[in-house]
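Novice: Structure file structure-v9.cif, mmCIF, C-alpha atoms, is pasted below:
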```cif
data_coords
#
loop_
_atom_site.label_atom_id
_atom_site.label_comp_id
_atom_site.auth_asym_id
_atom_site.auth_seq_id
_atom_site.Cartn_x
_atom_site.Cartn_y
_atom_site.Cartn_z
CA MET A 1 0.00 0.00 0.00
CA LYS A 2 1.14 3.50 -0.91
CA LEU A 3 2.47 5.62 1.98
CA ILE A 4 0.18 8.38 3.17
CA THR A 5 1.73 11.87 3.03
CA PRO A 6 0.60 15.25 4.43
CA SER A 7 0.00 16.63 0.94
CA MET A 8 -2.56 13.93 0.05
CA LYS A 9 -6.19 14.91 0.04
CA MET A 10 -7.99 13.48 3.06
CA ALA A 11 -10.76 12.11 0.84
CA GLU A 12 -8.12 10.18 -1.16
CA VAL A 13 -6.61 8.78 2.02
CA LEU A 14 -9.96 7.35 3.00
CA GLU A 15 -10.55 6.14 -0.54
CA SER A 16 -7.28 4.18 -0.32
CA ASN A 17 -8.29 2.50 2.95
CA TYR A 18 -11.76 2.96 4.33
CA LEU A 19 -10.80 1.12 7.53
CA LEU A 20 -9.01 4.32 8.58
CA LEU A 21 -12.34 6.00 9.24
CA PRO A 22 -12.41 5.19 12.98
CA VAL A 23 -8.76 6.31 13.26
CA LEU A 24 -9.79 9.75 11.98
CA SER A 25 -12.59 9.88 14.54
CA ARG A 26 -10.05 9.23 17.30
CA PHE A 27 -8.37 12.49 16.33
CA GLY A 28 -11.70 14.31 16.33
CA ILE A 29 -11.76 14.57 12.53
CA LYS A 30 -15.23 14.54 11.03
CA LEU A 31 -16.40 13.85 7.48
CA GLY A 32 -16.99 16.58 4.92
CA PHE A 33 -13.31 16.98 3.89
CA GLY A 34 -13.97 18.67 0.57
CA GLU A 35 -10.64 19.15 -1.21
CA LYS A 36 -8.65 19.63 2.00
CA THR A 37 -5.32 17.88 2.38
CA VAL A 38 -4.16 15.94 5.44
CA ARG A 39 -1.97 18.95 6.33
CA ASP A 40 -4.89 21.42 6.04
CA ILE A 41 -7.04 19.40 8.37
CA CYS A 42 -4.25 18.84 10.92
CA ILE A 43 -3.57 22.58 11.08
CA GLU A 44 -7.27 23.29 11.44
CA LYS A 45 -7.64 20.78 14.27
CA ASN A 46 -4.29 21.53 15.86
CA ILE A 47 -3.01 17.97 15.37
CA ASP A 48 0.70 17.11 15.18
CA ILE A 49 1.14 16.33 11.47
CA PRO A 50 4.02 13.78 11.61
CA PHE A 51 2.34 11.92 14.44
CA PHE A 52 -1.03 11.80 12.69
CA VAL A 53 0.51 10.61 9.43
CA ALA A 54 2.54 7.99 11.31
CA MET A 55 -0.62 6.65 12.98
CA LEU A 56 -2.37 6.40 9.61
CA ASN A 57 0.59 4.60 8.05
CA THR A 58 1.10 2.26 11.01
CA PHE A 59 -2.54 1.28 10.78
CA SER A 60 -2.50 0.79 7.01
CA ASN A 61 0.79 -1.04 6.74
CA GLU A 62 1.95 -3.49 9.36
CA ASN A 63 5.57 -3.23 8.30
CA TYR A 64 5.67 0.53 8.58
CA PHE A 65 7.72 2.05 11.37
CA PRO A 66 8.21 5.83 11.79
CA GLU A 67 11.95 5.58 12.40
CA GLU A 68 12.85 9.20 11.74
CA GLU A 69 9.87 10.86 13.37
CA ILE A 70 9.48 8.70 16.45
CA HIS A 71 11.64 10.95 18.65
CA THR A 72 9.51 13.97 17.89
CA PHE A 73 6.31 12.28 19.08
CA ASN A 74 4.67 13.57 22.18
CA VAL A 75 4.14 10.71 24.61
CA LEU A 76 0.93 12.30 25.89
CA ALA A 77 -0.45 12.41 22.35
CA ILE A 78 0.26 8.68 21.98
CA VAL A 79 -1.43 7.95 25.31
CA ASN A 80 -4.45 10.05 24.28
CA TYR A 81 -4.67 8.20 21.02
CA LEU A 82 -4.51 4.82 22.78
CA ARG A 83 -7.13 5.90 25.32
CA SER A 84 -9.46 6.82 22.49
CA THR A 85 -8.94 3.39 20.90
CA HIS A 86 -10.00 1.87 24.24
CA THR A 87 -13.17 3.94 24.17
CA TYR A 88 -13.83 2.85 20.61
CA TYR A 89 -13.47 -0.86 21.49
CA LEU A 90 -15.60 -0.68 24.60
CA GLN A 91 -18.32 1.65 23.37
CA THR A 92 -18.57 0.72 19.72
CA LEU A 93 -16.90 -2.43 18.40
CA VAL A 94 -17.32 -4.84 21.30
CA PRO A 95 -21.02 -3.99 21.95
CA THR A 96 -21.69 -4.36 18.21
CA ILE A 97 -20.11 -7.82 18.12
CA GLU A 98 -21.80 -8.82 21.34
CA GLN A 99 -25.19 -7.84 20.00
CA LEU A 100 -24.60 -9.72 16.75
CA ILE A 101 -23.51 -12.84 18.66
CA ASP A 102 -26.64 -12.58 20.83
CA THR A 103 -28.74 -12.43 17.68
CA LEU A 104 -26.89 -15.41 16.22
CA ALA A 105 -27.45 -17.46 19.37
CA GLN A 106 -31.16 -16.61 19.51
CA SER A 107 -32.25 -16.63 15.89
CA ARG A 108 -33.84 -19.50 13.95
CA SER A 109 -31.06 -21.81 15.05
CA GLN A 110 -32.40 -22.26 18.56
CA HIS A 111 -31.46 -25.90 18.51
CA ASN A 112 -27.87 -25.11 17.55
CA ARG A 113 -26.39 -25.39 21.00
CA SER A 114 -22.88 -24.66 19.89
CA LEU A 115 -23.86 -21.05 19.20
CA LYS A 116 -24.62 -20.60 22.88
CA SER A 117 -21.03 -21.62 23.56
CA VAL A 118 -19.88 -18.91 21.16
CA LYS A 119 -21.88 -16.40 23.13
CA ARG A 120 -20.32 -17.51 26.39
CA TYR A 121 -16.85 -17.48 24.84
CA PHE A 122 -17.22 -13.90 23.69
CA ARG A 123 -18.65 -12.79 27.02
CA GLU A 124 -15.57 -14.17 28.76
CA TYR A 125 -13.27 -12.61 26.22
CA LYS A 126 -14.97 -9.26 26.76
CA LYS A 127 -14.30 -9.49 30.50
CA GLU A 128 -10.65 -10.18 29.85
CA LEU A 129 -10.38 -7.33 27.36
CA ILE A 130 -12.01 -4.90 29.79
CA ASP A 131 -9.55 -5.92 32.53
CA HIS A 132 -6.64 -5.51 30.15
CA LEU A 133 -7.75 -2.05 29.04
CA LYS A 134 -8.60 -1.00 32.59
CA GLN A 135 -5.12 -1.95 33.76
CA GLU A 136 -3.67 0.32 31.07
CA ASP A 137 -6.10 3.16 31.79
CA THR A 138 -5.63 3.13 35.55
CA VAL A 139 -2.02 2.01 35.99
CA THR A 140 0.10 2.17 32.86
CA PHE A 141 -1.12 5.43 31.34
CA PRO A 142 -1.17 7.46 34.59
CA TYR A 143 2.35 6.18 35.29
CA ILE A 144 3.49 7.29 31.84
CA GLU A 145 1.91 10.71 32.38
CA GLN A 146 3.78 11.06 35.66
CA ILE A 147 7.03 10.14 33.97
CA TYR A 148 6.30 12.66 31.22
CA TYR A 149 5.57 15.52 33.64
CA ALA A 150 8.57 14.70 35.80
CA TYR A 151 10.81 14.55 32.76
CA HIS A 152 9.59 17.84 31.34
CA GLY A 153 8.58 19.70 34.50
CA LEU A 154 11.59 18.44 36.37
CA SER A 155 10.22 19.44 39.75
CA THR A 156 11.64 17.25 42.48
CA HIS A 157 8.20 17.07 44.05
CA GLN A 158 6.76 15.51 40.92
CA ARG A 159 9.68 13.17 40.61
CA ARG A 160 9.13 11.89 44.12
CA ASN A 161 5.52 11.09 43.28
CA ILE A 162 6.36 8.60 40.57
CA SER A 163 5.23 5.13 41.52
CA LYS A 164 8.09 2.96 42.60
CA GLU A 165 6.03 -0.16 42.23
CA TYR A 166 5.59 0.21 38.49
CA SER A 167 7.91 0.53 35.51
CA MET A 168 7.95 -0.06 31.78
CA LYS A 169 9.85 -3.26 32.50
CA MET A 170 6.79 -4.51 34.35
CA PHE A 171 4.54 -3.37 31.56
CA LYS A 172 6.63 -5.32 29.10
CA ARG A 173 6.49 -8.41 31.29
CA GLU A 174 2.77 -8.23 32.04
CA HIS A 175 1.52 -7.05 28.69
CA THR A 176 -0.42 -10.08 27.50
CA ASN A 177 -1.50 -10.95 24.01
CA ILE A 178 -5.09 -9.84 23.89
CA ASP A 179 -5.65 -10.73 20.25
CA GLU A 180 -5.08 -14.52 20.36
CA LYS A 181 -8.51 -15.50 21.67
CA LEU A 182 -10.12 -13.23 19.14
CA LEU A 183 -8.17 -14.86 16.36
CA ASP A 184 -9.22 -18.30 17.63
CA LEU A 185 -12.89 -17.31 17.66
CA LYS A 186 -12.67 -16.00 14.12
CA ASN A 187 -10.94 -19.18 12.91
CA ILE A 188 -13.39 -21.45 14.70
CA LEU A 189 -16.35 -19.72 13.08
CA ILE A 190 -14.72 -19.73 9.66
CA LYS A 191 -13.51 -23.32 9.79
CA TYR A 192 -15.81 -25.22 12.09
CA ILE A 193 -19.27 -23.69 12.33
CA SER A 194 -21.89 -26.27 11.39
CA GLY A 195 -25.59 -26.92 11.57
CA GLU A 196 -28.19 -24.27 10.98
CA TYR A 197 -27.21 -20.63 11.55
CA ASP A 198 -28.08 -17.16 10.30
CA GLU A 199 -25.58 -16.47 7.54
CA VAL A 200 -26.12 -12.72 7.34
CA VAL A 201 -25.52 -12.30 11.05
CA CYS A 202 -22.56 -14.67 11.09
CA ASN A 203 -20.91 -12.86 8.16
CA ALA A 204 -21.38 -9.56 9.95
CA ILE A 205 -19.73 -11.04 13.05
CA ILE A 206 -16.74 -12.19 11.05
CA PHE A 207 -16.35 -8.75 9.44
CA GLU A 208 -16.39 -7.11 12.86
CA LEU A 209 -13.99 -9.67 14.32
CA PHE A 210 -11.53 -8.96 11.51
CA ARG A 211 -11.85 -5.25 12.24
CA LEU A 212 -11.41 -5.58 15.99
CA GLU A 213 -8.49 -7.96 15.59
CA LYS A 214 -6.70 -5.65 13.17
CA ASP A 215 -7.29 -2.66 15.41
CA ILE A 216 -6.04 -4.46 18.51
CA ILE A 217 -2.92 -5.68 16.72
CA ASP A 218 -2.23 -2.10 15.59
CA HIS A 219 -2.86 -0.84 19.12
CA THR A 220 -0.45 -3.39 20.62
CA ARG A 221 2.20 -2.55 18.04
CA ILE A 222 1.99 1.17 18.87
CA GLU A 223 2.41 0.33 22.56
CA ASN A 224 5.29 -2.07 22.15
CA THR A 225 7.31 -0.45 19.39
CA ILE A 226 6.63 3.28 19.81
CA LEU A 227 5.37 4.08 23.30
CA LEU A 228 7.45 1.61 25.31
CA PRO A 229 10.90 2.64 23.97
CA LEU A 230 10.08 6.36 24.32
CA VAL A 231 8.97 6.01 27.94
CA ALA A 232 11.80 3.64 28.83
CA LYS A 233 14.23 6.29 27.63
CA MET A 234 12.62 8.94 29.87
CA GLU A 235 12.72 6.54 32.81
CA GLN A 236 16.41 6.04 32.20
CA SER A 237 17.19 9.77 32.13
CA LEU A 238 15.16 10.37 35.27
CA LYS A 239 17.13 7.66 37.04
CA CYS A 240 20.42 9.29 36.00
CA MET A 241 19.20 12.68 37.25
CA LYS A 242 18.46 11.28 40.70
CA ARG A 243 22.01 10.19 41.15
CA MET B 1 -17.05 -30.87 12.38
CA LEU B 2 -14.10 -33.18 12.41
CA ASN B 3 -13.12 -34.15 8.91
CA SER B 4 -14.11 -37.77 9.01
CA ILE B 5 -13.57 -40.44 6.31
CA THR B 6 -16.32 -42.85 5.49
CA VAL B 7 -15.19 -46.29 4.44
CA VAL B 8 -17.22 -49.31 3.41
CA ILE B 9 -15.71 -52.78 3.37
CA VAL B 10 -17.54 -55.33 1.24
CA SER B 11 -16.36 -58.85 1.96
CA PHE B 12 -17.60 -62.27 3.02
CA ASN B 13 -14.35 -62.92 4.82
CA GLN B 14 -15.04 -61.62 8.33
CA LEU B 15 -11.43 -61.91 9.51
CA GLU B 16 -10.22 -59.90 6.54
CA ALA B 17 -12.93 -57.24 6.89
CA HIS B 18 -12.58 -56.77 10.65
CA GLY B 19 -8.79 -56.82 10.46
CA LEU B 20 -8.78 -54.05 7.88
CA ALA B 21 -11.41 -52.11 9.83
CA SER B 22 -9.29 -52.17 12.96
CA ILE B 23 -6.18 -50.99 11.10
CA LEU B 24 -8.15 -48.13 9.52
CA LYS B 25 -9.68 -47.09 12.83
CA GLU B 26 -6.34 -47.09 14.56
CA HIS B 27 -4.54 -44.96 12.00
CA TYR B 28 -7.12 -42.81 10.28
CA SER B 29 -9.48 -41.73 13.00
CA PRO B 30 -11.99 -40.04 12.85
CA ILE B 31 -13.29 -42.63 10.47
CA THR B 32 -16.57 -44.43 9.93
CA VAL B 33 -16.11 -48.02 8.81
CA THR B 34 -19.08 -50.10 7.71
CA ILE B 35 -18.65 -53.77 6.96
CA THR B 36 -21.29 -55.09 4.63
CA THR B 37 -22.14 -57.68 2.04
CA VAL B 38 -23.61 -56.75 -1.32
CA SER B 39 -27.12 -56.87 0.09
CA GLU B 40 -26.92 -53.41 1.65
CA LEU B 41 -25.87 -51.22 -1.17
CA HIS B 42 -27.09 -47.87 0.10
CA HIS B 43 -23.83 -47.65 2.07
CA LEU B 44 -21.86 -47.34 -1.12
CA ASN B 45 -23.27 -43.95 -2.09
CA ARG B 46 -21.93 -42.21 0.95
CA ALA B 47 -18.51 -43.86 1.02
CA ASP B 48 -15.27 -42.00 0.39
CA TYR B 49 -13.53 -45.34 -0.13
CA ILE B 50 -14.97 -48.77 -0.89
CA PHE B 51 -12.79 -51.78 -0.14
CA VAL B 52 -14.15 -54.82 -1.92
CA SER B 53 -12.89 -58.37 -2.06
CA ALA B 54 -11.73 -59.52 -5.49
CA THR B 55 -14.30 -62.32 -5.58
CA LEU B 56 -17.24 -60.05 -4.94
CA TYR B 57 -15.91 -57.45 -7.36
CA ARG B 58 -15.78 -59.99 -10.17
CA LYS B 59 -19.27 -61.22 -9.32
CA HIS B 60 -20.83 -57.73 -9.35
CA LYS B 61 -18.46 -55.93 -11.70
CA THR B 62 -21.05 -53.64 -13.32
CA LEU B 63 -22.30 -52.52 -9.99
CA PHE B 64 -18.90 -51.75 -8.47
CA ASP B 65 -17.58 -50.12 -11.63
CA GLN B 66 -20.08 -47.30 -11.05
CA TYR B 67 -17.98 -46.41 -8.02
CA HIS B 68 -14.61 -47.03 -9.65
CA LYS B 69 -13.12 -43.77 -8.38
CA HIS B 70 -13.69 -44.85 -4.78
CA LEU B 71 -12.79 -48.50 -5.22
CA ILE B 72 -9.93 -50.50 -3.70
CA ILE B 73 -9.73 -54.25 -4.34
CA ILE B 74 -8.69 -56.62 -1.57
CA ASP B 75 -7.08 -59.68 -3.12
CA ASP B 76 -4.81 -62.52 -2.16
CA GLY B 77 -2.22 -61.54 -4.73
CA LYS B 78 -3.01 -64.46 -7.05
CA ARG B 79 -6.08 -63.92 -9.15
CA GLN B 80 -5.61 -60.77 -11.18
CA LYS B 81 -7.93 -61.58 -14.07
CA ALA B 82 -10.81 -59.23 -14.89
CA ILE B 83 -9.57 -56.52 -12.50
CA PRO B 84 -8.66 -53.28 -14.27
CA SER B 85 -5.14 -52.10 -13.44
CA SER B 86 -6.48 -48.58 -12.72
CA ILE B 87 -8.08 -49.79 -9.49
CA PRO B 88 -5.73 -49.78 -6.49
CA LYS B 89 -5.20 -53.13 -4.79
CA LEU B 90 -4.54 -54.18 -1.27
CA CYS B 91 -3.15 -57.63 -0.72
CA ASN B 92 -4.49 -59.49 2.33
CA THR B 93 -1.21 -61.34 2.80
CA PHE B 94 0.72 -58.09 3.39
CA HIS B 95 2.36 -57.22 6.69
CA GLU B 96 0.76 -54.36 8.61
CA SER B 97 3.55 -51.94 7.66
CA GLU B 98 3.08 -52.79 3.99
CA ILE B 99 -0.66 -52.34 4.27
CA LEU B 100 -0.19 -48.93 5.91
CA HIS B 101 2.23 -47.86 3.24
CA ARG B 102 -0.23 -48.90 0.55
CA LEU B 103 -3.15 -47.15 2.29
CA GLU B 104 -1.14 -43.97 2.55
CA ASN B 105 -0.52 -44.08 -1.20
CA ILE B 106 -4.15 -44.81 -1.96
CA PHE B 107 -5.44 -41.99 0.24
CA THR B 108 -2.99 -39.38 -0.96
CA GLN B 109 -3.13 -40.27 -4.65
CA SER B 110 -6.86 -40.56 -4.90
CA ASN B 111 -8.75 -37.87 -6.76
CA ARG B 112 -10.37 -36.71 -3.59
CA THR B 113 -8.42 -34.00 -1.82
CA PHE B 114 -8.51 -35.83 1.45
CA HIS B 115 -5.28 -36.17 3.38
CA PRO B 116 -6.19 -37.98 6.54
CA THR B 117 -2.96 -37.52 8.46
CA GLU B 118 -2.58 -33.82 7.66
CA ASN B 119 -5.14 -32.07 9.81
CA THR B 120 -7.47 -34.54 11.36
CA LEU B 121 -6.85 -35.42 14.97
CA THR B 122 -5.75 -38.91 15.95
CA PRO B 123 -7.87 -40.68 18.60
CA ARG B 124 -5.17 -39.92 21.18
CA GLU B 125 -5.17 -36.24 20.24
CA VAL B 126 -8.96 -36.17 20.63
CA GLU B 127 -8.55 -37.67 24.13
CA VAL B 128 -5.99 -35.01 25.04
CA LEU B 129 -8.17 -32.26 23.54
CA LYS B 130 -11.16 -33.38 25.63
CA LEU B 131 -9.09 -33.18 28.80
CA ILE B 132 -7.66 -29.76 27.88
CA ALA B 133 -11.23 -28.56 27.29
CA LYS B 134 -12.30 -29.91 30.66
CA GLY B 135 -9.64 -27.74 32.24
CA PHE B 136 -7.02 -30.40 33.04
CA LEU B 137 -3.40 -29.27 33.40
CA ASN B 138 -0.60 -30.97 31.45
CA LYS B 139 0.47 -32.98 34.48
CA GLU B 140 -3.10 -34.15 35.13
CA ILE B 141 -3.52 -35.14 31.48
CA ALA B 142 -0.29 -37.14 31.65
CA ASP B 143 -1.48 -38.95 34.80
CA THR B 144 -4.97 -39.62 33.45
CA LEU B 145 -3.78 -41.06 30.16
CA ASN B 146 -0.71 -42.66 31.69
CA ILE B 147 1.67 -40.94 29.28
CA SER B 148 4.69 -38.69 29.84
CA LEU B 149 4.49 -34.92 30.21
CA HIS B 150 6.64 -34.64 27.13
CA THR B 151 4.10 -36.64 25.11
CA VAL B 152 1.27 -34.42 26.36
CA ILE B 153 3.13 -31.32 25.22
CA SER B 154 3.83 -32.80 21.83
CA HIS B 155 0.14 -33.77 21.45
CA ARG B 156 -0.85 -30.20 22.35
CA LYS B 157 1.50 -28.78 19.75
CA ASN B 158 0.03 -31.05 17.10
CA ILE B 159 -3.54 -30.24 18.08
CA THR B 160 -2.85 -26.51 17.85
CA ARG B 161 -1.09 -26.90 14.52
CA LYS B 162 -3.81 -29.08 13.01
CA LEU B 163 -6.77 -27.01 14.19
CA GLY B 164 -5.14 -23.58 14.00
CA ILE B 165 -6.40 -22.81 17.51
CA LYS B 166 -3.89 -21.49 20.05
CA THR B 167 -5.71 -20.75 23.29
CA VAL B 168 -7.26 -23.13 25.82
CA ALA B 169 -10.49 -21.13 25.58
CA GLY B 170 -10.48 -21.62 21.80
CA LEU B 171 -9.83 -25.36 22.10
CA THR B 172 -12.66 -25.61 24.61
CA LEU B 173 -15.04 -23.82 22.24
CA TYR B 174 -13.98 -26.18 19.46
CA ALA B 175 -14.62 -29.20 21.67
CA LEU B 176 -18.05 -27.86 22.64
CA MET B 177 -19.02 -27.10 19.06
CA ASN B 178 -18.05 -30.60 18.00
CA GLN B 179 -19.78 -32.14 21.01
CA LEU B 180 -16.57 -33.73 22.24
CA ILE B 181 -17.53 -32.43 25.67
CA SER B 182 -20.77 -31.08 27.07
CA PRO B 183 -21.21 -27.56 28.52
CA ARG B 184 -21.49 -29.17 31.96
CA ASP B 185 -17.90 -30.41 31.67
CA THR B 186 -16.53 -26.87 31.57
CA GLN B 187 -18.16 -25.61 34.74
#
```
Could I get this structure in the form of structure tokens?
Specialist:
Amino acid sequence: MKLITPSMKMAEVLESNYLLLPVLSRFGIKLGFGEKTVRDICIEKNIDIPFFVAMLNTFSNENYFPEEEIHTFNVLAIVNYLRSTHTYYLQTLVPTIEQLIDTLAQSRSQHNRSLKSVKRYFREYKKELIDHLKQEDTVTFPYIEQIYYAYHGLSTHQRRNISKEYSMKMFKREHTNIDEKLLDLKNILIKYISGEYDEVVCNAIIFELFRLEKDIIDHTRIENTILLPLVAKMEQSLKCMKR
Amino acid sequence: MLNSITVVIVSFNQLEAHGLASILKEHYSPITVTITTVSELHHLNRADYIFVSATLYRKHKTLFDQYHKHLIIIDDGKRQKAIPSSIPKLCNTFHESEILHRLENIFTQSNRTFHPTENTLTPREVEVLKLIAKGFLNKEIADTLNISLHTVISHRKNITRKLGIKTVAGLTLYALMNQLISPRDTQ
């Protein structure tokens, strides 16, 4: 896929990959682009252009890595972006899938008991996903914000407040793979569903599972390859300053 | 559902038929083997493979030739007359290893795209899968089936590779959907 650049028209960007639509929403960008370029819209909305373009490219191309720009990224902007992906999963994608799975388990195929198992499987996955995201929202992200303020504000008071019980090393160790169970569910439906079932609903579920899986993989990649090294570097400098 | 093979064995020789059935069940599970005589022909329509004794084939040649793509002749290696060379043969005087080798060739060369050993689970793997789905740990599976921990791990690897399912939750869902376990087993 062609790399997205600031001089491209926003409408063309979306034309090239419509799955970017929710990514735009996360930056507060609404439809009705007219002939405006990516740059125009970023200036209008006060969005950091290199960061925005890097997020679009990371999402569109799994091999893309913003090597040159990464050090200019604002850690708080990354955290904000990730927080808004959490909101998107929990308020939009997951409820949509859950509702579709409920419909699948209820519809015509009442005697298809295996569909009830699918429902239970997804309910359990949802719990796990919520816990995972909550841990990031309440522990990881606040910790990163503290590190950021201490690093930039440099007040000793703020530095003293940084949690000693948490670090990016722990994040790295505890950060579990939240996409595997999703991938399994998708494969099981594709390969092993049998008996009577509502095809329209099941197809819709598979579409949404593909979307959620892709988004979560992108989300994890941003955390592990962009956010983690940037924060680890700040942690390191703060440690040196203390000495 | 599990990708199961359906085999029909048509023979008057009970020892031959049951011997072959037990070899097939041991090595190509999940498999449905029906042993029949020519009187119950409805079995033939649903069969992936029809093993027929040379005597019966010669007697009912027109009938069996309708199924020639699915046919395998069991013979004693002597009488070859009236049997087209295009039909695979299995000799009932073979050693087990020879029979297995021949079966492997028949199954992989046949026009059907079925490769039994590639991604269907062996009976042992199904046993292990059931226990995984019931929430047993590796050590408990090893104790229950009286096999080594190492063997359990290797079974798990094969199950995951064959099914393309990585997580315990996923394997449990698979087992439930295929009725290998009942929902009560997971509580």
Novice: Would you mind reading off the distance between atom CA of B:Val10 and atom CA of B:Thr34, one decimal, in Å?
Specialist: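 Spanning atom CA of B:Val10 to atom CA of B:Thr34 is a straight-line distance of 8.5 Å.
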Novice: Tell me which residues the PyMOL selection byres ((chain B) within 9 of (chain A)) grabs here, as a PyMOL selection string.
Specialist: chain B and resi 1-2+163-171+173-174+176-179+183
Novice: Around (-21.2, -47.5, 2.9) in the file's own coordinates, what residues are found within 8 Å if you use all atoms listed in the file, given back as a VMD selection string?
Specialist: chain B and resid 6 to 9 33 to 36 41 to 47 50
Novice: Rank B:Ser86, B:Gly77, B:Thr93, B:Lys59 by their smallest atom-to-atom distance to B:Leu20, using all atoms listed in the file, and report the top residue only.
Specialist: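 Of B:Ser86, B:Gly77, B:Thr93, B:Lys59, the one nearest B:Leu20, counting all atoms listed in the file, is B:Thr93.
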Novice: Would you mind telling me which residue in A:Thr176, A:Asn224, A:Asn203, A:Gln146 lies nearest to A:Leu104 when using all atoms listed in the file?
Specialist: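 Nearest to A:Leu104: A:Asn203.
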Novice: Tell me, in Å to one decimal, how far atom CA of A:Phe73 is from atom CA of A:Met170.
Specialist: 22.7 Å
Novice: Name the residues captured by the PyMOL selection byres ((chain A and resi 9) around 7) when it is applied to the shown file; answer as a ChimeraX atom specification.
Specialist: /A:7-8,10-13,35-38
Novice: Tell me, as a list in words, which residues lie within 7 Å of stretch 151-159 of chain B, counting all atoms listed in the file; anything in the same chain fewer than 5 positions away does not count.
Specialist: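 The neighbour list is Leu121, Glu125, Asn138 and Ala142 of chain B.
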Novice: Please list as number ranges by chain every residue within 12 Å of A:Tyr143, counting only C-alpha atoms and excluding residues in the same chain fewer than 2 positions away.
Specialist: A: 75-76, 79, 135-141, 145-150, 158-159, 161-168, 170-171, 231-232, 234-235
Novice: Would you list the residues near (-19.5, -54.5, -6.7), meaning any protein, DNA or RNA residue with an atom at most 12 Å from that point in file coordinates, counting only C-alpha atoms, as a ChimeraX atom specification?
Specialist: /B:8-11,36-41,43-44,50-68,70-73,83
Novice: Take the PyMOL selection byres ((chain A and resi 70) around 9), run it mentally on this structure, and tell me the resulting residues as a ChimeraX atom specification.
Specialist: /A:50-51,54,65-69,71-74,226,230
Novice: With all atoms of stretch 91-94 of chain B from the file as input, state the centre and edge lengths in Å to one decimal of the axis-aligned box that has 4 Å extra on each side, as AutoDock Vina command-line options.
Specialist:
```
--center_x -1.9 --center_y -59.5 --center_z 1.3 --size_x 13.2 --size_y 11.7 --size_z 12.1
```
Novice: Calculated over all atoms listed in the file, which of the candidates A:Gln236, A:Thr220, A:Ser25, A:Ser60 has the smallest distance to A:Ser84?
Specialist: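 The shortest atom-to-atom distance to A:Ser84 comes from A:Ser25.
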Novice: Distance atom CA of B:Ile23-atom CA of B:Asp48, one decimal place?
Specialist: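 Distance between the two atoms: 16.7 Å.
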Novice: Near A:Val200, within 12 Å and counting only C-alpha atoms, which residues show up once chain neighbours fewer than 2 positions away are dropped, as a VMD selection string?
Specialist: chain A and resid 100 to 101 103 to 104 107 197 to 198 202 to 207
Novice: Identify which of the residues B:Thr172, B:Ser148, B:Asn105, B:Ser182 lies closest to B:Pro88, counting only C-alpha atoms when measuring atom-to-atom distances.
Specialist: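 Counting only C-alpha atoms, the residue closest to B:Pro88 is B:Asn105.
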